[in-house]
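Notes follow the structure.
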Amino acid sequence: MHQVLQAGHHIKVNRGFYHHHGIYMGGGWVAELAKPADGGVTRMVPLATFTRGAGLQIVDHANGLPLHAVVENVRRAPQWRRYDLLDWNCEHFATWCSTHVVESEQVRSLVQGVAISLLVELIESEAAA
């Protein structure tokens with residue numbers, strides 16, 4: 001099903017190694033959490049700047065908030081927290097605005113991958129001993 005992009009939609013674009021997340025605010029503008037080099041706070045950027053020519057995906061949250069509430073959350077969040085890769089990245093920001101839940105599937109997958117690698121290394125070193 002094709003959705004029409006509306007203010008309040010959680011959106012993401014593939015940046016190769018990761019997905020960049022934001023909230024579409026309407027009128028061609030996106031709220032994103034800037035990387036630390038760009039201040040690490042919420043900012044508004046044109047949709048074309050956000051996508052950098054990549055395909056855009058709308059993130060569907062089964063228990064998401066109404067779109068107008070998502071927009072209000074963005075307006076409340078600008079200086080709430082600064083960027084932190086593991087605790088408050090662009091996905092945490094967009095998911096919190098959309099659901100009031102702070103989570104990042106990308107971070108969860110990374111942590112699980114590291115944990116599995118460490119466990120395999122431990123098992124192999126124990127077996128070799």
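Each chain in the structure tokens gets a letter, A, B, ..., in the order shown, and its residues are numbered from 1; ligands are numbered from 1 in order too.
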
Excluding same-chain residues fewer than 5 positions from Gly22 in chain A, what lies within 7 Å of it counting only C-alpha atoms, as a PyMOL selection string? chain A and resi 10-12+30-32+90+94

What's the 7 Å shell around range 69-84 of chain A, counting only C-alpha atoms, without same-chain residues fewer than 2 positions away, as a VMD selection string? chain A and resid 7 to 8 25 33 35 to 36 40 to 42 65 to 67 86 to 89 97 to 98

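Scanning range 44-106 of chain A with DSSP on the backbone, the alpha helix (DSSP H) assignments fall on Leu47, Ala48, Thr49, Phe50, Thr51, Leu67, His68, Ala69, Val70, Val71, Glu72, Asn73, Val74, Arg75, Arg76, Cys90, Glu91, His92, Phe93, Ala94, Thr95, Trp96, Cys97, Ser98, Thr99, Glu105 and Gln106 of chain A.
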
Dump of N, CA and C atoms for the selected residues, as a short mmCIF file (atom, residue, chain, number, x, y, z; two decimals), in the first residue's frame:
data_model
loop_
_atom_site.label_atom_id
_atom_site.label_comp_id
_atom_site.auth_asym_id
_atom_site.auth_seq_id
_atom_site.Cartn_x
_atom_site.Cartn_y
_atom_site.Cartn_z
N LEU A 47 13.42 18.58 2.81
CA LEU A 47 13.28 17.15 2.51
C LEU A 47 14.40 16.68 1.60
N ALA A 48 14.77 17.47 0.59
CA ALA A 48 15.83 17.07 -0.34
C ALA A 48 17.18 16.93 0.38
N THR A 49 17.43 17.76 1.36
CA THR A 49 18.66 17.65 2.16
C THR A 49 18.64 16.38 2.99
N PHE A 50 17.48 16.09 3.57
CA PHE A 50 17.33 14.89 4.39
C PHE A 50 17.55 13.62 3.57
N THR A 51 16.96 13.54 2.39
CA THR A 51 17.03 12.31 1.60
C THR A 51 18.34 12.16 0.84
N LEU A 67 -0.88 11.72 14.11
CA LEU A 67 0.14 12.53 13.45
C LEU A 67 0.25 13.93 14.06
N HIS A 68 -0.85 14.53 14.46
CA HIS A 68 -0.77 15.88 15.05
C HIS A 68 -0.01 15.85 16.37
N ALA A 69 -0.12 14.75 17.13
CA ALA A 69 0.62 14.62 18.39
C ALA A 69 2.12 14.43 18.12
N VAL A 70 2.46 13.74 17.05
CA VAL A 70 3.86 13.56 16.67
C VAL A 70 4.49 14.93 16.37
N VAL A 71 3.78 15.75 15.61
CA VAL A 71 4.27 17.10 15.29
C VAL A 71 4.47 17.91 16.57
N GLU A 72 3.54 17.82 17.51
CA GLU A 72 3.68 18.54 18.79
C GLU A 72 4.89 18.02 19.57
N ASN A 73 5.14 16.73 19.55
CA ASN A 73 6.31 16.17 20.24
C ASN A 73 7.60 16.73 19.65
N VAL A 74 7.65 16.86 18.32
CA VAL A 74 8.83 17.44 17.68
C VAL A 74 9.04 18.86 18.19
N ARG A 75 7.98 19.62 18.29
CA ARG A 75 8.09 21.01 18.74
C ARG A 75 8.55 21.11 20.20
N ARG A 76 8.26 20.08 20.99
CA ARG A 76 8.67 20.06 22.40
C ARG A 76 10.10 19.57 22.59
N CYS A 90 19.13 9.57 15.96
CA CYS A 90 18.00 10.02 15.14
C CYS A 90 16.83 9.04 15.19
N GLU A 91 17.11 7.75 15.28
CA GLU A 91 16.02 6.77 15.37
C GLU A 91 15.32 6.84 16.72
N HIS A 92 16.08 6.99 17.81
CA HIS A 92 15.46 7.17 19.13
C HIS A 92 14.52 8.39 19.09
N PHE A 93 15.02 9.51 18.56
CA PHE A 93 14.25 10.74 18.48
C PHE A 93 12.94 10.55 17.71
N ALA A 94 13.04 10.00 16.49
CA ALA A 94 11.84 9.85 15.66
C ALA A 94 10.86 8.84 16.25
N THR A 95 11.38 7.77 16.86
CA THR A 95 10.51 6.78 17.48
C THR A 95 9.82 7.36 18.71
N TRP A 96 10.56 8.12 19.53
CA TRP A 96 9.94 8.75 20.70
C TRP A 96 8.86 9.74 20.28
N CYS A 97 9.13 10.54 19.28
CA CYS A 97 8.12 11.50 18.81
C CYS A 97 6.86 10.78 18.34
N SER A 98 7.04 9.60 17.75
CA SER A 98 5.92 8.85 17.17
C SER A 98 5.19 7.95 18.15
N THR A 99 5.86 7.56 19.25
CA THR A 99 5.27 6.55 20.14
C THR A 99 5.43 6.82 21.63
N GLU A 105 16.07 0.23 16.82
CA GLU A 105 16.28 -1.13 16.33
C GLU A 105 17.72 -1.30 15.84
N GLN A 106 18.27 -0.23 15.26
CA GLN A 106 19.66 -0.30 14.77
C GLN A 106 20.63 -0.52 15.92
#

CA of Val59 in chain A and CA of Glu103 in chain A are how many Å apart?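 Atom-to-atom, CA of Val59 in chain A and CA of Glu103 in chain A are spaced 13.6 Å apart.
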
Which residues are near Arg52 in chain A? Cut-off 10 Å, only C-alpha atoms, ignore same chain within fewer than 6 positions. Put them as a list in words. Val13, Asn14 and Arg15 of chain A

Resulting file, chosen residues, all heavy atoms, as a tab-separated table (two decimals), in the first residue's frame:
chain	number	residue	atom	x	y	z
A	13	VAL	N	15.69	7.11	5.56
A	13	VAL	CA	16.40	6.91	4.30
A	13	VAL	C	17.62	6.04	4.57
A	13	VAL	O	18.20	6.10	5.66
A	13	VAL	CB	16.82	8.24	3.63
A	13	VAL	CG1	15.62	9.03	3.18
A	13	VAL	CG2	17.69	9.07	4.56
A	14	ASN	N	17.98	5.25	3.58
A	14	ASN	CA	19.13	4.38	3.70
A	14	ASN	C	20.39	5.18	3.38
A	14	ASN	O	20.50	5.76	2.31
A	14	ASN	CB	18.99	3.19	2.74
A	14	ASN	CG	20.07	2.15	2.96
A	14	ASN	OD1	21.17	2.45	3.40
A	14	ASN	ND2	19.75	0.92	2.61
A	15	ARG	N	21.32	5.20	4.32
A	15	ARG	CA	22.59	5.90	4.12
A	15	ARG	C	23.74	4.89	4.00
A	15	ARG	O	24.88	5.21	4.29
A	15	ARG	CB	22.86	6.86	5.28
A	15	ARG	CG	21.88	8.00	5.38
A	15	ARG	CD	22.35	9.19	4.56
A	15	ARG	NE	21.38	10.25	4.49
A	15	ARG	CZ	21.28	11.26	5.35
A	15	ARG	NH1	22.08	11.33	6.38
A	15	ARG	NH2	20.36	12.19	5.18
